[in-house]
Structure formats: structure tokens, C-alpha cells
Amino acid sequence: MSTLPTSPPTGEIPDRYDPSAVEERWYPLWESRGYFRADPVAKGKPFSIVIPPPNVTGSLHWGHALNNTLQDVLVRMKRMDGFNTLWVPGTDHAAIAVHVILERQLAAEGKTKEDLGRERYLERAWKWKEESGGTIVRQLKRLGASCDWTRERFTMDPGLSRAVREVFVRLWDEGLIYRDDYIVNWCPSCQTVLSDIEVEREERDAEFVYIKYGPVTLGTVRPETKLGDTGLAVHPKDKRYKHLVGQTLEVPSVDGTISVRVVADEAVDPDFGTGVIKVTPGHDPVDFEIGRRHNLPIRTVIGFDGKMTAEAGRYAGLDRFECRKRIVEDLKALGLIERIEPYRHAVGVCYRS
Ligand SMILES: [Zn+2]
């Protein structure tokens, strides 16, 4: 049993306030006396906060110090106001972010995750979780966070995983979720979907290639996606192309002809390029939406590995960038390229690889 440090300190009084000495004395006392432990049957209106769980990617930063202090201020104020208060602490597995850290560590040792194999890789991931999670908890305690540590959670605890599955099943049973094809950010190197905030924009020099599509010419920086084109789009008010809207054109391409339906869509900027865009619903977010609005088929010509699929015909198996070069050469040979202009634009890249 610890004693309350209420007696005046003996010996020398430091001439400056020394927070570490004071805090190290108080926090263990608060904890050992259970001041932060919530009791479900205690009096008072309930007030609870579930900590936005920090990722186990190392240690807390200044942003955590700020937002956890704000939570602590709220929780302590409510506790003093007589509320039955609970602040649930925990950490988040942040799978992909942790994955990247582990891969970097392995790379520094000259190894890959494949060298390790699944079992040993997972062992290593759990070991990292213990280290990083331990650091985070120590840091939160040093901040004085008045969390109920008896209720600490990790986002991959069996109970939490079960709750996630339960929620998904209920949503499914109630018809509130569905499964469908959708366009996503995909990193061929990480082999995973990326959220929009995980995509960085990088300025790159490219070629703006003007390709002849039967009666029209249009510009693109990704000529290899031509293999996945299922439509052409123009602005509804663009008089130049009004006569083509609704028609399905058979246009000469690298392998004979392809069929493309001409649609009118507000998403097209009539002042950009020639005012006509090719629609590749499988490989461009804007085109995907246009395709949805006009029921254009989706052709996936680039696979999860960044290589051309069987749908790409004779280009199948080529890396997309190699295919880009090859298709420009082939289109040139067929006289289907009108001109090529230098172009600088922002390309979405993975923030990790
Ligand atoms: Zn990546």
C-alpha cells in the first residue's frame, strides 16, 4: 500500500519545479488506488470516451500529445462533476503501416517476407506490436492520461474481431451493405488497395499522345489504356460532336477495329485537348463514373501485378509502362497518331513504395 505524499518533502527543496519527479510519484499512486477504474454500477450519469487508438507504428508524436490531453481534460472534468466516467485505452494494429515498417526492417537485414515465411513473419509482427504498443502505453501514462488500463484493448483482440464480423453480418442481413465492382487505388508493389489519403501526387513529365479514333482525334497520357476503351465522351453542349452522340463507332486500332459508343457527359471539359475523351471505365475514376452513368462495359486490361492482362491481346504480360511505349510505336506504324506533345502532370503514387 502506498502512502499519500502529503507530508512536506524533507531535505532540499529544488529551486525549480521538476515535473518528472512529481509525475513519477503521482501516476502509480492514482493507478494503484484505482482512481481511473470505472465501475458499471457506480452512481452518476455515464460518460465515456473510447480513445482513437494510436497505430502501433513506433511511438506517439506531438499530435497524440495534444489530442490525448484534450480527452484527458474532458474525462477529468466529467469525473470531478460526478459523472460515472470511463476512458477506454487501446492501440490499433494499422496492418498496412506496420507491414511497411517490418518490410523495411527486413530489407535492412537483406531479407524479404517471403524468406521468412508466413508463420515467422507473423511472429515478428506480434513481437513488434508488443514493443511499439508497450512504448505507446508508457507514453500515455507519462502524459498522465486517466485511462482505465484494466480495460485496455488492441484492435485485433478476438472479441473485437468478433464484433466486427457480427456488425458486417448484421448489415448484410439487413440489406445495408452490398458487394460490387468498384474502381480503387491499387498499389502493384504493396499488392493492396490504398485509401485516397495514402495516394501522393508526384509531378512527372509525360507525353500527351493524340490518337485518331475514326472521325475524331483525342489526347491521352495513358495510351496503353486504349486497350480497355469502351466509349468516347463529349460535353453535352459541344456542337462539334453532337452528330456523333449515341452512335457506336467502329474505329481502327492496333488489332483490327474496336467498338466505342459515343456518350454526352458533363464531366468532359470541352476546352481540354480536342474536347473528346476516351472512356476506360476499368482504369480511370472519372471514366468509371461516366461508364456507370451510360452503362458502358468495363474491360480490365491491367492486372493487379501492373502487367497487361489477357484482355490486352498481344500486349498481354507486358508491364504497363513497356506496353505504353509499344502501343505508341504500333499506332504510329498504322498512321493512327496525329501528334505527340510534351506534358507535365501529377501522377498518383503510393505513399509507401
Ligand atoms: Zn505501395
# chains A, B, ... in the order shown; residues from 1 in each chain; ligands from 1

call {"tool": "residues_near_ligand", "arguments": {"ligand": "ligand 1", "cutoff": "12 Å", "atoms": "only C-alpha atoms and all ligand atoms", "output": "list of chain:residue names"}}
result
A:Ile96, A:Ala97, A:His99, A:Val100, A:Glu103, A:Asn185, A:Trp186, A:Cys187, A:Pro188, A:Ser189, A:Cys190, A:Gln191, A:Thr192, A:Val193, A:Leu194, A:Ser195, A:Glu198, A:Val199, A:Glu200, A:Phe304, A:Asp305, A:Gly306, A:Gly348, A:Val349, A:Cys350, A:Tyr351, A:Arg352, A:Ser353

call {"tool": "closest_residue", "arguments": {"among": "A:Arg299, A:Gly175, A:Lys141, A:Ala264", "to": "A:Leu60", "atoms": "only C-alpha atoms"}}
result
A:Lys141

call {"tool": "closest_residue", "arguments": {"among": "A:Val276, A:Ala316, A:Leu66, A:Leu86", "to": "A:Tyr210", "atoms": "only C-alpha atoms"}}
result
A:Val276

call {"tool": "closest_residue", "arguments": {"among": "A:Arg240, A:Lys129, A:His345, A:Arg25", "to": "A:Asn55", "atoms": "only C-alpha atoms"}}
result
A:Lys129

call {"tool": "closest_residue", "arguments": {"among": "A:Val41, A:Val137, A:Cys147, A:Ile277", "to": "A:Gln71", "atoms": "only C-alpha atoms"}}
result
A:Cys147

call {"tool": "closest_residue", "arguments": {"among": "A:Pro236, A:Pro28, A:Pro14, A:Gly317", "to": "A:Asp269", "atoms": "only C-alpha atoms"}}
result
A:Pro236
